[in-house]
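What follows is one structure encoded as structure tokens, with my remarks underneath.
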Amino acid sequence: MASTPRFALPFIAPGQAQKELYHNEALQTLDMVAMPAVEEGPRDSPPVNPSLGACYIVGPSPTGAWAGEAHHLTGWTSGGWRFVAPAEGMTAYVRAASLPAVFRSGAWDVGAVRATALVIGGEQVVGPQAAAISSPSGGTTVDAEARATVVQILAALRQHGLIQP
């Protein structure tokens with residue numbers, strides 16, 4: 001094996017000439033993939049004047065210098081664009097939007113947080129979606145104002161996915 005299995009960081013072979021080239025190549029790649037932060041969400045064309053060290057997520061239909069590198073993580077280095085294929089579950093921070101991006105099922109999912117529960121201060125505040133709740137109807141005493149408020153509350157819970165429609 002001439003490189004690492006996940007990010008293809010090059011190994012130095014015994015007796016290899018110019019070891020520093022392989023070592024530097026590995027450091028450039030590692031600098032991009034260790035806790036990656038990208039400038040913005042996926043884009044298909046490279047920026048005109050990237051800053052040294054700036055990283056991006058290549059979109060699904062790349063053009064120009066990024067052609068053929070769909071969904072890769074890329075960084076601008078002194079040697080030009082460097083590309084790394086993302087591994088399933090890789091996470092990057094999108095600076096422009098202050099959101100996480102996760103590589104799932106062959107594409108970048110920006111801004112979505114997946115969990116089974118939201119726990120704040122040790123207390124679960126949101127969990128799995130609950131069963132549907134019917135809107136109020138019937139009854140011997142009808143309070144139209146209270147009923148309208150309950151309908152609005154149920155609509156908000158459905159809209160946020162907290163209860164089934």
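Chain labels follow the order of the structure tokens: the first chain is A, the next B, and so on; residue numbering restarts at 1 in every chain, and ligands are counted from 1 in their shown order.
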Next item on the list: Find the residues around Pro46 of chain A up to 12 Å (only C-alpha atoms counted), leave out those fewer than 5 positions away in its own chain, and share them as a VMD selection string.
Entry: chain A and resid 39 to 40 51 54 to 59 61 to 67 69 73 to 76 80 to 82
Would you mind exporting C-alpha atoms of the selected residues as a PDB file, in the first residue's frame?
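Below you can see out.pdb, which holds the result:
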```
ATOM      1  CA  GLU A  39     -15.514  29.045   2.480  1.00  0.00           C
ATOM      2  CA  GLU A  40     -19.068  28.345   1.255  1.00  0.00           C
ATOM      3  CA  SER A  51      -6.681  32.822  -1.067  1.00  0.00           C
ATOM      4  CA  ALA A  54      -8.909  28.430   1.084  1.00  0.00           C
ATOM      5  CA  CYS A  55     -11.012  25.268   0.838  1.00  0.00           C
ATOM      6  CA  TYR A  56     -14.248  24.561  -1.020  1.00  0.00           C
ATOM      7  CA  ILE A  57     -16.725  21.783  -1.637  1.00  0.00           C
ATOM      8  CA  VAL A  58     -16.944  20.992  -5.334  1.00  0.00           C
ATOM      9  CA  GLY A  59     -20.564  20.852  -6.523  1.00  0.00           C
ATOM     10  CA  SER A  61     -21.491  19.594 -11.977  1.00  0.00           C
ATOM     11  CA  PRO A  62     -17.976  21.047 -11.785  1.00  0.00           C
ATOM     12  CA  THR A  63     -16.433  23.124 -14.555  1.00  0.00           C
ATOM     13  CA  GLY A  64     -13.018  24.520 -15.430  1.00  0.00           C
ATOM     14  CA  ALA A  65     -10.129  23.379 -13.232  1.00  0.00           C
ATOM     15  CA  TRP A  66     -12.619  21.416 -11.118  1.00  0.00           C
ATOM     16  CA  ALA A  67     -14.060  19.340 -13.992  1.00  0.00           C
ATOM     17  CA  GLU A  69     -13.943  16.310  -9.326  1.00  0.00           C
ATOM     18  CA  LEU A  73     -13.074  18.719  -1.040  1.00  0.00           C
ATOM     19  CA  THR A  74     -10.590  21.070  -2.699  1.00  0.00           C
ATOM     20  CA  GLY A  75      -8.029  23.531  -1.437  1.00  0.00           C
ATOM     21  CA  TRP A  76      -5.913  26.196  -3.097  1.00  0.00           C
ATOM     22  CA  GLY A  80      -2.624  24.867  -7.473  1.00  0.00           C
ATOM     23  CA  TRP A  81      -5.833  23.020  -6.645  1.00  0.00           C
ATOM     24  CA  ARG A  82      -5.545  19.911  -4.501  1.00  0.00           C
TER      25      ARG A  82
END
```
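Those residues in segment 2-78 of chain A carrying a DSSP assignment of alpha helix (DSSP H), computed from the backbone, are Lys19, Glu20, Leu21, Tyr22, His23, Asn24, Glu25, Ala26, Leu27, Gln28, Thr29, Leu30, Asp31, Met32 and Val33 of chain A.
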Where in segment 20-129 of chain A does DSSP assign strand (DSSP E or B), given as a PDB file with C-alpha atoms, in the first residue's frame?
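What landed in selection07.pdb:
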```pdb
ATOM      1  CA  ALA A  37     -13.614  24.444   7.111  1.00  0.00           C
ATOM      2  CA  VAL A  38     -14.810  25.519   3.662  1.00  0.00           C
ATOM      3  CA  ARG A  43     -20.081  25.324  -5.931  1.00  0.00           C
ATOM      4  CA  CYS A  55     -11.012  25.268   0.838  1.00  0.00           C
ATOM      5  CA  TYR A  56     -14.248  24.561  -1.020  1.00  0.00           C
ATOM      6  CA  ILE A  57     -16.725  21.783  -1.637  1.00  0.00           C
ATOM      7  CA  VAL A  58     -16.944  20.992  -5.334  1.00  0.00           C
ATOM      8  CA  LEU A  73     -13.074  18.719  -1.040  1.00  0.00           C
ATOM      9  CA  THR A  74     -10.590  21.070  -2.699  1.00  0.00           C
ATOM     10  CA  GLY A  75      -8.029  23.531  -1.437  1.00  0.00           C
ATOM     11  CA  TRP A  76      -5.913  26.196  -3.097  1.00  0.00           C
ATOM     12  CA  THR A  77      -2.208  25.627  -2.454  1.00  0.00           C
ATOM     13  CA  GLY A  80      -2.624  24.867  -7.473  1.00  0.00           C
ATOM     14  CA  TRP A  81      -5.833  23.020  -6.645  1.00  0.00           C
ATOM     15  CA  ARG A  82      -5.545  19.911  -4.501  1.00  0.00           C
ATOM     16  CA  PHE A  83      -8.529  17.513  -4.397  1.00  0.00           C
ATOM     17  CA  VAL A  84      -9.548  14.944  -1.800  1.00  0.00           C
ATOM     18  CA  THR A  91     -17.995  16.761   8.209  1.00  0.00           C
ATOM     19  CA  ALA A  92     -16.906  20.259   7.205  1.00  0.00           C
ATOM     20  CA  TYR A  93     -17.786  23.666   8.624  1.00  0.00           C
ATOM     21  CA  VAL A  94     -19.245  26.090   6.044  1.00  0.00           C
ATOM     22  CA  LEU A  99     -23.452  25.572   9.182  1.00  0.00           C
ATOM     23  CA  PRO A 100     -22.178  22.003   9.192  1.00  0.00           C
ATOM     24  CA  ALA A 101     -21.920  20.025   5.955  1.00  0.00           C
ATOM     25  CA  VAL A 102     -21.874  16.227   6.100  1.00  0.00           C
ATOM     26  CA  PHE A 103     -21.028  13.897   3.214  1.00  0.00           C
ATOM     27  CA  ARG A 104     -23.843  11.307   3.105  1.00  0.00           C
ATOM     28  CA  ALA A 107     -23.531  14.084  -1.694  1.00  0.00           C
ATOM     29  CA  TRP A 108     -22.948  16.958   0.724  1.00  0.00           C
ATOM     30  CA  ASP A 109     -25.840  17.677   3.093  1.00  0.00           C
ATOM     31  CA  VAL A 110     -25.455  21.301   4.238  1.00  0.00           C
ATOM     32  CA  LEU A 118     -32.238  17.101  21.320  1.00  0.00           C
ATOM     33  CA  VAL A 119     -31.002  17.324  24.887  1.00  0.00           C
ATOM     34  CA  ILE A 120     -30.412  20.710  26.555  1.00  0.00           C
ATOM     35  CA  GLU A 123     -33.310  17.398  29.612  1.00  0.00           C
ATOM     36  CA  GLN A 124     -34.670  15.997  26.364  1.00  0.00           C
ATOM     37  CA  VAL A 125     -36.609  18.815  24.688  1.00  0.00           C
ATOM     38  CA  VAL A 126     -37.251  17.210  21.286  1.00  0.00           C
TER      39      VAL A 126
END
```
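For the pair atom CA of Ser3 of chain A and atom CA of Gly53 of chain A, the interatomic distance is 22.7 Å.
The gap separating atom CA of Gly127 of chain A from atom CA of Glu145 of chain A is 29.8 Å, in Å to one decimal.
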Margin query: So, with only C-alpha atoms as the atoms that count, which of A:Ala130, A:Met90, A:Val142, A:Val33 lies closest to Leu154 of chain A?
Written below: A:Ala130
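Shortest atom-to-atom contact with Thr149 of chain A among A:Pro136, A:Gly161, A:Gly79, A:Gly15: A:Pro136, counting only C-alpha atoms.
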List as a PDB file with N, CA and C atoms, in the first residue's frame the protein and nucleic acid residues near Ile12 of chain A, meaning an atom at most 9 Å away when only C-alpha atoms are counted, but skip any in the same chain fewer than 4 places from it.
```pdb
ATOM      1  N   ALA A   2       0.666   2.119  -0.980  1.00  0.00           N
ATOM      2  CA  ALA A   2       1.490   3.303  -1.122  1.00  0.00           C
ATOM      3  C   ALA A   2       0.887   4.534  -0.468  1.00  0.00           C
ATOM      4  N   SER A   3      -0.369   4.391   0.035  1.00  0.00           N
ATOM      5  CA  SER A   3      -1.020   5.532   0.662  1.00  0.00           C
ATOM      6  C   SER A   3      -2.048   5.046   1.679  1.00  0.00           C
ATOM      7  N   GLN A  16      13.516   5.679  -0.309  1.00  0.00           N
ATOM      8  CA  GLN A  16      12.907   6.550  -1.311  1.00  0.00           C
ATOM      9  C   GLN A  16      13.685   7.856  -1.446  1.00  0.00           C
ATOM     10  N   LYS A  19      12.197  12.217  -0.172  1.00  0.00           N
ATOM     11  CA  LYS A  19      11.140  11.918   0.811  1.00  0.00           C
ATOM     12  C   LYS A  19      10.343  13.160   1.198  1.00  0.00           C
ATOM     13  N   GLU A  20      11.006  14.301   1.204  1.00  0.00           N
ATOM     14  CA  GLU A  20      10.326  15.519   1.625  1.00  0.00           C
ATOM     15  C   GLU A  20       9.148  15.866   0.718  1.00  0.00           C
ATOM     16  N   TYR A  22       7.024  13.728  -0.696  1.00  0.00           N
ATOM     17  CA  TYR A  22       5.890  12.906  -0.271  1.00  0.00           C
ATOM     18  C   TYR A  22       5.370  13.357   1.090  1.00  0.00           C
ATOM     19  N   HIS A  23       6.286  13.693   1.973  1.00  0.00           N
ATOM     20  CA  HIS A  23       5.892  14.167   3.293  1.00  0.00           C
ATOM     21  C   HIS A  23       5.122  15.484   3.176  1.00  0.00           C
TER      22      HIS A  23
END
```
